[in-house]
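Undergrad: Data: data-v3.txt, compact mmCIF, C-alpha atoms.
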```txt
# COMPACT_ATOMS: atom_id res chain seq x y z
CA MET A 8 93.45 26.67 56.21
CA GLY A 9 90.74 29.17 57.15
CA LEU A 10 88.45 27.60 59.68
CA LEU A 11 90.94 24.86 60.50
CA SER A 12 93.65 27.34 61.55
CA LYS A 13 91.17 29.15 63.72
CA ILE A 14 90.17 25.94 65.41
CA LEU A 15 93.77 24.85 65.79
CA PHE A 16 95.23 28.10 66.92
CA PHE A 17 92.39 29.80 68.70
CA PRO A 18 93.20 28.47 72.14
CA VAL A 19 96.77 29.61 71.60
CA THR A 20 96.44 32.99 69.93
CA GLY A 21 93.73 34.16 72.29
CA PRO A 22 95.69 34.03 75.51
CA VAL A 23 98.95 35.22 73.92
CA ALA A 24 97.30 38.38 72.62
CA GLY A 25 95.76 38.80 76.03
CA ILE A 26 99.08 38.50 77.77
CA ARG A 27 100.73 40.99 75.45
CA TRP A 28 97.94 43.48 76.06
CA SER A 29 98.13 43.15 79.81
CA LEU A 30 101.92 43.46 79.78
CA GLU A 31 101.52 46.76 77.96
CA GLN A 32 99.08 47.85 80.64
CA VAL A 33 101.62 46.97 83.31
CA GLN A 34 104.30 48.88 81.44
CA THR A 35 102.08 51.98 81.27
CA ALA A 36 101.18 51.70 84.94
CA VAL A 37 104.84 51.37 85.91
CA GLU A 38 105.79 54.36 83.79
CA THR A 39 103.06 56.47 85.35
CA GLU A 40 104.10 55.40 88.84
CA LEU A 41 107.80 56.10 88.21
CA THR A 42 107.28 59.52 86.66
CA ASP A 43 104.63 60.97 88.97
CA ASP A 44 105.96 63.35 91.61
CA SER A 45 102.62 64.63 92.92
CA ARG A 46 102.57 62.11 95.78
CA ILE A 47 106.08 63.13 96.85
CA LYS A 48 105.14 66.81 96.79
CA GLN A 49 102.02 66.09 98.82
CA GLU A 50 104.12 64.19 101.38
CA LEU A 51 106.60 67.05 101.52
CA MET A 52 103.79 69.48 102.37
CA GLU A 53 102.43 67.10 105.01
CA LEU A 54 105.90 66.76 106.49
CA GLN A 55 106.17 70.55 106.66
CA MET A 56 102.83 70.64 108.46
CA LEU A 57 103.90 67.97 110.97
CA VAL A 58 107.04 69.85 111.99
CA GLU A 59 105.14 73.14 112.21
CA LEU A 60 102.58 71.55 114.52
CA GLY A 61 105.34 70.03 116.62
CA ASP A 62 104.21 66.47 115.85
CA ILE A 63 107.74 65.57 114.76
CA ASP A 64 111.06 67.09 115.79
CA ASP A 65 113.59 68.76 113.57
CA ALA A 66 115.91 65.75 113.30
CA GLU A 67 113.00 63.60 112.11
CA TYR A 68 112.05 66.29 109.61
CA VAL A 69 115.56 66.43 108.18
CA ARG A 70 115.72 62.64 107.92
CA ARG A 71 112.40 62.33 106.09
CA GLU A 72 113.06 65.34 103.88
CA ALA A 73 116.27 63.69 102.67
CA LEU A 74 114.32 60.55 101.70
CA LEU A 75 111.75 62.57 99.77
CA MET A 76 114.48 64.54 97.98
CA GLN A 77 116.05 61.24 96.94
CA GLN A 78 112.67 60.10 95.56
CA LEU A 79 112.21 63.38 93.70
CA ARG A 80 115.59 62.95 92.07
CA GLU A 81 114.67 59.41 91.02
CA VAL A 82 111.41 60.60 89.47
CA ARG A 83 113.31 63.33 87.65
CA SER A 84 115.75 60.86 86.17
CA TRP A 85 112.94 58.50 85.11
CA ARG A 86 111.14 61.40 83.43
CA GLU A 87 114.30 62.15 81.51
CA HIS A 88 114.67 58.47 80.70
CA PHE A 89 111.17 58.37 79.17
CA GLY A 90 111.76 61.66 77.34
CA MET A 91 109.28 63.61 79.45
CA SER A 92 109.79 67.15 80.71
CA ALA A 93 111.54 67.25 84.06
CA PRO A 94 111.33 70.07 86.60
CA GLY A 95 114.51 71.93 87.47
CA GLY A 96 117.63 72.59 85.49
CA PRO A 97 118.36 75.47 83.16
CA VAL A 98 115.57 76.78 80.95
CA ARG A 99 115.16 79.41 78.30
CA VAL A 100 112.31 80.97 76.42
CA ALA A 101 111.11 78.66 73.69
CA ARG A 102 111.63 80.10 70.25
CA GLY A 103 108.65 81.69 68.56
CA ALA A 104 106.63 81.39 71.76
CA SER A 105 104.63 84.08 73.43
CA ALA A 106 103.45 83.72 76.99
CA GLU A 107 99.77 83.54 77.70
CA GLU A 108 98.10 84.86 80.77
CA MET B 8 91.60 83.41 85.49
CA MET B 9 94.41 84.10 87.85
CA ASP B 10 95.70 81.20 89.82
CA GLY B 11 98.89 79.29 90.34
CA MET B 12 102.02 81.27 89.67
CA VAL B 13 104.57 81.90 87.05
CA SER B 14 105.77 78.48 86.18
CA GLY B 15 107.19 76.49 83.38
CA GLU B 16 104.04 74.46 82.95
CA GLY B 17 104.06 75.18 79.29
CA ARG B 18 107.57 73.86 79.20
CA THR B 19 108.42 72.01 76.07
CA VAL B 20 111.34 69.67 75.84
CA GLU B 21 113.06 70.03 72.57
CA ALA B 22 116.51 69.15 71.46
CA ASP B 23 118.68 72.19 71.77
CA SER B 24 119.78 73.13 68.29
CA ARG B 25 122.57 75.39 69.45
CA ARG B 26 125.75 73.45 69.08
CA GLY B 27 129.21 74.08 70.27
CA ASP B 28 128.07 76.34 73.07
CA ASP B 29 130.73 77.02 75.63
CA ALA B 30 130.77 74.44 78.34
CA VAL B 31 129.02 75.18 81.61
CA GLY B 32 131.13 76.62 84.38
CA LYS B 33 134.17 77.76 82.47
CA GLY B 34 135.65 78.93 85.72
CA GLY B 35 136.33 82.34 87.17
CA GLU B 36 132.62 83.15 87.12
CA THR B 37 132.07 86.81 87.69
CA ARG B 38 128.89 88.75 88.08
CA GLY B 39 127.02 88.97 84.81
CA GLU B 40 128.32 85.63 83.58
CA GLY B 41 127.14 82.11 84.17
CA GLY B 42 123.72 80.88 85.26
CA LYS B 43 121.05 83.10 86.72
CA TYR B 44 118.56 82.00 89.35
CA VAL B 45 115.38 84.10 88.89
CA TYR B 46 113.28 84.94 91.98
CA CYS B 47 110.69 87.38 90.71
CA ILE B 48 109.81 90.13 88.24
CA ILE B 49 109.29 93.73 89.38
CA ARG B 50 108.62 97.14 87.84
CA LEU B 51 112.02 98.86 87.89
CA ASP B 52 114.03 100.45 85.11
CA SER B 53 117.40 100.72 86.79
CA ALA B 54 120.01 98.48 88.37
CA ARG B 55 119.53 97.52 92.00
CA ASP B 56 121.41 95.44 94.51
CA PHE B 57 119.53 93.62 97.25
CA GLY B 58 122.61 92.33 99.05
CA PRO B 59 124.32 88.94 99.50
CA ILE B 60 121.15 86.95 100.23
CA GLY B 61 120.95 84.63 97.21
CA ILE B 62 120.27 80.88 97.09
CA GLY B 63 123.15 78.41 97.13
CA ASP B 64 126.46 78.15 98.92
CA GLY B 65 128.25 81.37 99.66
CA ALA B 66 126.86 84.87 99.79
CA ASN B 67 125.50 85.31 96.29
CA ARG B 68 124.50 88.87 95.52
CA VAL B 69 120.93 89.46 94.49
CA TYR B 70 120.58 92.08 91.77
CA THR B 71 118.42 93.07 88.84
CA VAL B 72 118.55 92.46 85.10
CA HIS B 73 116.31 94.93 83.32
CA TYR B 74 114.52 95.44 80.04
CA LYS B 75 112.59 98.71 79.58
CA ASP B 76 110.77 99.26 82.88
CA LEU B 77 110.78 95.60 83.96
CA SER B 78 113.46 93.90 86.04
CA ALA B 79 114.14 90.30 86.88
CA VAL B 80 115.57 89.81 90.37
CA VAL B 81 118.39 87.27 90.04
CA SER B 82 121.54 85.87 91.59
CA ASP B 83 124.46 84.07 89.97
CA THR B 84 124.36 80.32 90.16
CA PRO B 85 126.10 77.33 88.69
CA ILE B 86 123.87 75.37 86.28
CA VAL B 87 122.34 72.98 88.80
CA ILE B 88 118.98 71.59 89.77
CA TYR B 89 117.91 72.91 93.16
CA ASP B 90 116.12 70.39 95.37
CA PRO B 91 113.10 71.93 97.10
CA THR B 92 114.61 71.42 100.55
CA ARG B 93 113.47 73.64 103.40
CA GLU B 94 116.77 75.49 103.28
CA ASN B 95 116.52 76.23 99.54
CA VAL B 96 112.85 77.13 99.64
CA LEU B 97 113.46 79.50 102.57
CA ALA B 98 116.33 81.14 100.68
CA HIS B 99 114.04 81.66 97.67
CA GLU B 100 111.31 83.04 99.92
CA PHE B 101 113.64 85.30 101.86
CA VAL B 102 114.69 87.08 98.68
CA ASN B 103 111.07 87.55 97.61
CA GLU B 104 110.16 88.89 101.05
CA THR B 105 113.02 91.36 100.94
CA VAL B 106 112.11 92.60 97.46
CA MET B 107 108.42 92.78 98.39
CA ARG B 108 109.06 95.37 101.07
CA GLU B 109 109.52 97.98 98.36
CA HIS B 110 108.09 96.47 95.18
CA THR B 111 105.10 94.65 93.81
CA VAL B 112 106.43 91.28 92.71
CA ILE B 113 105.44 88.51 90.32
CA PRO B 114 107.04 85.44 91.90
CA MET B 115 108.78 82.86 89.74
CA SER B 116 108.35 79.21 90.61
CA PHE B 117 111.06 77.69 92.78
CA GLY B 118 114.21 76.49 91.02
CA THR B 119 114.03 78.50 87.79
CA VAL B 120 117.56 78.78 86.39
CA PHE B 121 118.57 80.46 83.13
CA ARG B 122 121.91 79.87 81.46
CA SER B 123 122.83 83.50 80.95
CA GLU B 124 121.86 87.10 81.44
CA ASP B 125 120.87 87.20 77.76
CA ASP B 126 118.36 84.41 78.33
CA VAL B 127 116.85 86.37 81.24
CA GLY B 128 116.64 89.43 78.98
CA GLU B 129 114.87 87.30 76.37
CA LEU B 130 112.37 86.20 79.03
CA LEU B 131 111.54 89.85 79.84
CA ARG B 132 111.35 90.86 76.17
CA SER B 133 109.13 88.01 75.06
CA THR B 134 106.80 88.16 78.06
CA TYR B 135 106.84 91.94 78.48
CA GLN B 136 103.14 92.55 77.91
CA ALA B 137 101.88 89.74 80.17
CA PHE B 138 104.26 90.73 82.99
CA SER B 139 103.22 94.38 82.65
CA ASP B 140 99.50 93.58 82.77
CA VAL B 141 99.85 91.34 85.80
CA LEU B 142 102.07 93.85 87.62
CA ASP B 143 99.36 96.48 87.10
CA LYS B 144 96.71 94.14 88.48
CA MET B 145 98.82 93.13 91.46
CA GLN B 146 99.99 96.66 92.25
CA ASP B 147 100.13 97.02 96.06
CA LYS B 148 98.48 93.68 96.73
CA ILE B 149 99.86 90.96 98.96
CA GLU B 150 98.87 87.42 99.78
CA PHE B 151 98.11 85.80 103.12
CA GLY B 152 97.78 82.10 103.80
CA LEU B 153 95.31 80.65 106.26
CA LYS B 154 95.28 77.01 107.20
CA VAL B 155 92.67 75.81 109.66
CA LEU B 156 92.94 72.53 111.53
CA TRP B 157 90.45 70.93 113.82
CA ASP B 158 90.59 68.56 116.69
CA ARG B 159 88.05 65.95 115.57
CA ASP B 160 87.57 64.55 119.06
CA LYS B 161 86.78 67.94 120.51
CA VAL B 162 84.32 68.71 117.74
CA ILE B 163 82.64 65.33 118.26
CA ALA B 164 82.43 65.92 122.02
CA ASP B 165 80.90 69.30 121.25
CA LEU B 166 78.38 67.70 118.87
CA GLU B 167 77.39 65.14 121.49
CA ARG B 168 76.47 67.99 123.80
CA SER B 169 74.75 70.26 121.30
CA ASN B 170 73.05 67.91 118.84
CA ASP B 171 69.84 66.54 120.41
CA GLU B 172 69.52 63.54 118.15
CA ILE B 173 73.12 62.45 118.70
CA ARG B 174 72.79 62.91 122.46
CA ARG B 175 69.57 60.89 122.57
CA LEU B 176 71.05 58.00 120.58
CA LYS B 177 74.18 58.02 122.68
CA ASP B 178 72.17 57.86 125.90
CA GLU B 179 70.15 55.00 124.49
CA ILE B 180 73.29 53.05 123.65
CA THR B 181 74.83 53.68 127.07
CA ARG B 182 71.66 52.51 128.84
CA ASN B 183 71.09 49.47 126.70
CA THR B 184 74.13 47.26 126.23
CA GLN B 185 72.21 44.44 124.51
CA SER B 186 72.89 43.34 120.95
CA SER B 187 69.95 45.43 119.76
CA THR B 188 72.18 48.47 120.09
CA TYR B 189 74.20 47.35 117.06
CA PHE B 190 71.79 49.16 114.78
CA ALA B 191 71.77 52.18 117.04
CA ARG B 192 75.57 52.29 116.97
CA MET B 193 75.57 52.20 113.18
CA GLN B 194 73.03 54.95 113.10
CA LEU B 195 75.03 57.01 115.57
CA GLY B 196 78.19 56.61 113.50
CA ARG B 197 76.42 57.80 110.38
CA LEU B 198 74.82 60.67 112.22
CA VAL B 199 78.12 61.83 113.68
CA GLU B 200 79.87 61.61 110.30
CA GLY B 201 77.16 63.68 108.64
CA ALA B 202 77.10 66.23 111.46
CA LEU B 203 80.91 66.49 111.34
CA GLU B 204 80.86 67.25 107.64
CA ASP B 205 78.12 69.88 108.06
CA THR B 206 79.96 71.44 110.97
CA GLY B 207 83.25 71.55 109.07
CA ASN B 208 81.58 73.16 106.06
CA SER B 209 79.84 75.75 108.20
CA PHE B 210 83.12 76.64 109.98
CA VAL B 211 84.87 77.07 106.63
CA SER B 212 82.15 79.15 105.02
CA ASP B 213 81.82 81.35 108.10
CA ILE B 214 85.58 82.02 108.12
CA HIS B 215 85.51 82.70 104.38
CA GLU B 216 82.61 85.13 104.71
CA THR B 217 84.28 87.01 107.55
CA LEU B 218 87.54 87.46 105.66
CA LYS B 219 86.03 88.14 102.23
CA GLU B 220 84.97 91.60 103.38
CA VAL B 221 88.58 92.71 103.73
CA ALA B 222 90.17 90.77 100.85
CA VAL B 223 90.25 91.40 97.11
CA ALA B 224 90.08 87.71 96.23
CA SER B 225 90.44 84.31 97.82
CA ARG B 226 91.32 80.85 96.71
CA SER B 227 90.83 77.44 98.31
CA ASN B 228 93.55 74.84 97.99
CA LYS B 229 93.41 71.17 98.81
CA PRO B 230 93.81 70.59 102.57
CA ILE B 231 97.08 68.94 103.62
CA GLY B 232 96.75 65.90 105.86
CA ASP B 233 93.56 64.73 107.59
CA ARG B 234 93.29 67.34 110.33
CA MET B 235 93.08 70.32 108.00
CA ILE B 236 89.64 71.61 107.02
CA MET B 237 90.71 74.76 105.22
CA ASN B 238 93.76 75.74 103.18
CA ALA B 239 93.10 79.12 101.68
CA ALA B 240 94.95 82.07 100.23
CA PHE B 241 93.70 85.66 100.35
CA LEU B 242 94.75 88.57 98.19
CA VAL B 243 94.73 91.77 100.25
CA GLU B 244 95.42 95.42 99.48
CA ARG B 245 98.54 96.58 101.29
CA HIS B 246 96.71 99.40 103.04
CA ARG B 247 94.12 96.94 104.39
CA GLU B 248 96.68 94.60 105.94
CA LYS B 249 95.73 95.74 109.46
CA ASP B 250 92.03 95.21 108.80
CA PHE B 251 92.71 91.72 107.52
CA ASP B 252 94.88 90.92 110.55
CA GLU B 253 92.12 92.11 112.84
CA LYS B 254 89.49 89.95 111.10
CA VAL B 255 91.72 86.88 111.31
CA ARG B 256 92.22 87.50 115.00
CA GLU B 257 88.49 88.00 115.48
CA VAL B 258 87.51 84.77 113.76
CA SER B 259 90.25 82.74 115.46
CA ARG B 260 89.07 83.96 118.86
CA LYS B 261 85.55 82.89 117.96
CA TYR B 262 86.70 79.31 117.31
CA GLU B 263 89.67 79.08 119.65
CA ASP B 264 88.30 76.07 121.54
CA LEU B 265 87.82 73.91 118.48
CA LEU B 266 90.15 75.08 115.73
CA THR B 267 93.82 75.85 115.24
CA PHE B 268 94.65 78.71 112.87
CA LYS B 269 97.93 78.86 110.93
CA TYR B 270 98.19 82.35 109.56
CA THR B 271 101.15 83.22 107.31
CA GLY B 272 102.29 86.10 105.15
CA PRO B 273 102.62 88.51 103.62
CA TRP B 274 103.55 86.42 100.59
CA PRO B 275 104.03 87.36 96.96
CA PRO B 276 100.73 86.62 95.17
CA TYR B 277 101.62 83.00 94.36
CA ASN B 278 98.01 81.90 94.24
CA PHE B 279 96.70 84.78 92.17
CA VAL B 280 99.13 85.05 89.30
CA ASN B 281 99.22 82.55 86.51
CA ILE B 282 101.48 83.22 83.61
CA LYS B 283 102.36 80.10 81.73
CA LEU B 284 105.82 80.60 80.34
CA LYS B 285 106.83 78.75 77.25
CA LEU B 286 110.18 77.58 78.48
CA GLU B 287 112.30 74.82 77.16
CA LYS B 288 115.27 73.00 78.54
CA ALA B 289 118.59 74.65 77.87
CA GLU B 290 121.22 71.98 78.14
```
Can the structure in the file be given as structure tokens, please?
TA:
Amino acid sequence: MGLLSKILFFPVTGPVAGIRWSLEQVQTAVETELTDDSRIKQELMELQMLVELGDIDDAEYVRREALLMQQLREVRSWREHFGMSAPGGPVRVARGASAEE
Amino acid sequence: MMDGMVSGEGRTVEADSRRGDDAVGKGGETRGEGGKYVYCIIRLDSARDFGPIGIGDGANRVYTVHYKDLSAVVSDTPIVIYDPTRENVLAHEFVNETVMREHTVIPMSFGTVFRSEDDVGELLRSTYQAFSDVLDKMQDKIEFGLKVLWDRDKVIADLERSNDEIRRLKDEITRNTQSSTYFARMQLGRLVEGALEDTGNSFVSDIHETLKEVAVASRSNKPIGDRMIMNAAFLVERHREKDFDEKVREVSRKYEDLLTFKYTGPWPPYNFVNIKLKLEKAE
């Protein structure tokens, strides 16, 4: 086979490998997007600022806060789904650990 | 380095090897049993009650769990995840404020729940030295927050009056409405952007310099939103609180036409304590 298989299969194997690679990239990107709560926290702080400055009223604050809390909960459940650490919930001191300052 | 706060950043998620533990919420929860929400750590070697001001539904009593001369300030809670809603965050803060009136506190991050009083005791035992050291360092120190926002349009209007080059270009553009002004407009835009950045930086460093004299330490955080040019925290000795107040008032008067000051505190030293706790999930 050797050269012949390369000639025969090259046009096929090339793109397939490429597709698999890019699908993995998409998967990683999706995982990162689903499990990142920094944007939500940033938005929460901005929302706080808006209500303090009087740019939005209290009812609007409450409505948007509820949406952000929902998003936070979703991120938390995705983090659990992917086996990552999730904020909140009961904790205890890890065995054999000593805190560092 | 001291920054951040006590948090579970070093949290590791491991399967809990304890099996057959009693189920959560076995009913008839009394004080001393069930979950504990931890607000802060203080230097105190005896029991204390801070009243029914705890987080959650109902009037949960806030009290202390102690080990040697350290106490954790806690209230009973079901094993739940607390959303950082305004209501919950304010409840957490209110307890810390109350405790702070008489004690130096190391604040815990929002939402820290332990399964039992024993687990809280284990936290104090295993982290005793780090908590003690930080409490010594933070003795009689409090934190103030200062956020500074600007009105871009006002600052630009001010620049157009005070900056000769900008004024000259602007006049030129107003006089000459031909297409040749396209380049001048571009140049003006760039000039204004640059001048804005310089002005913002000089405001911020001037404010920092003024307040540094009366603070022990300061820390700059990322501004929130596009109108904020400064988001800083200052660590201040309790007995210099009045001096710090006075300086903030002085500098805000100086810039009252252009800047809005949001001055908050006293806070526990959130931005100046960083103890990374090795915590793991307790299911």
Undergrad: Please provide as a list in words all residues within 10 Å of B:Arg93, with the sequence filter that same-chain residues fewer than 4 positions apart are discarded (counting all atoms listed in the file).
TA: Leu51, Gln55, Tyr68, Val69 and Glu72 of chain A; Leu97, Ala98 and His99 of chain B
Undergrad: Could you write out the selected residues, including C-alpha atoms, as a CSV table (one decimal), in the coordinates of the input?
TA:
```csv
chain,number,residue,atom,x,y,z
A,51,LEU,CA,106.6,67.0,101.5
A,55,GLN,CA,106.2,70.6,106.7
A,68,TYR,CA,112.0,66.3,109.6
A,69,VAL,CA,115.6,66.4,108.2
A,72,GLU,CA,113.1,65.3,103.9
B,97,LEU,CA,113.5,79.5,102.6
B,98,ALA,CA,116.3,81.1,100.7
B,99,HIS,CA,114.0,81.7,97.7
```
Undergrad: May I have the residues of chain A within 10 Å of chain B, counting all atoms listed in the file, written as a PyMOL selection string?
TA: chain A and resi 48-57+59-60+68-69+72-73+75-77+79-80+87+90-108
Undergrad: Between atom CA of B:Pro59 and atom CA of B:Ser82, measure the distance and give it in Å to one decimal.
TA: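 Distance reported for this atom pair: 8.9 Å.
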Undergrad: Residues within 10 Å of stretch 192-200 of chain B, please, as a ChimeraX atom specification. Count only C-alpha atoms; anything in the same chain fewer than 5 positions from it doesn't count.
TA: /B:163,166-167,170,172-177,179-180,187,205-206
Undergrad: Between atom CA of B:Pro275 and atom CA of B:Met107, what is the spacing in Å?
TA: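 A separation of 7.1 Å between them.
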Undergrad: In Å, rounded to a single decimal, give me how far atom CA of B:Ser225 is from atom CA of B:Leu242.
TA: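 Atom-to-atom, atom CA of B:Leu242 and atom CA of B:Ser225 are spaced 6.1 Å apart.
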Undergrad: Considering all atoms listed in the file, state which residue in the set B:Met237, B:Leu153, B:Gly207, B:Ser227 is at the smallest distance from B:Lys254.
TA: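 Looking only at the distances to B:Lys254, the closest residue turns out to be B:Leu153.
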Undergrad: May I ask which of the residues B:Arg234, B:His215, B:Lys144, B:Arg226 is the closest one to B:Asp158, counting all atoms listed in the file?
TA: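 Under the stated criterion, the closest residue is B:Arg234.
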Undergrad: Nearest residue to A:Arg83 out of A:Val58, A:Ser29, A:Ser45, A:Ile63, using only C-alpha atoms?
TA: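 Of A:Val58, A:Ser29, A:Ser45, A:Ile63, the one nearest A:Arg83, counting only C-alpha atoms, is A:Ser45.
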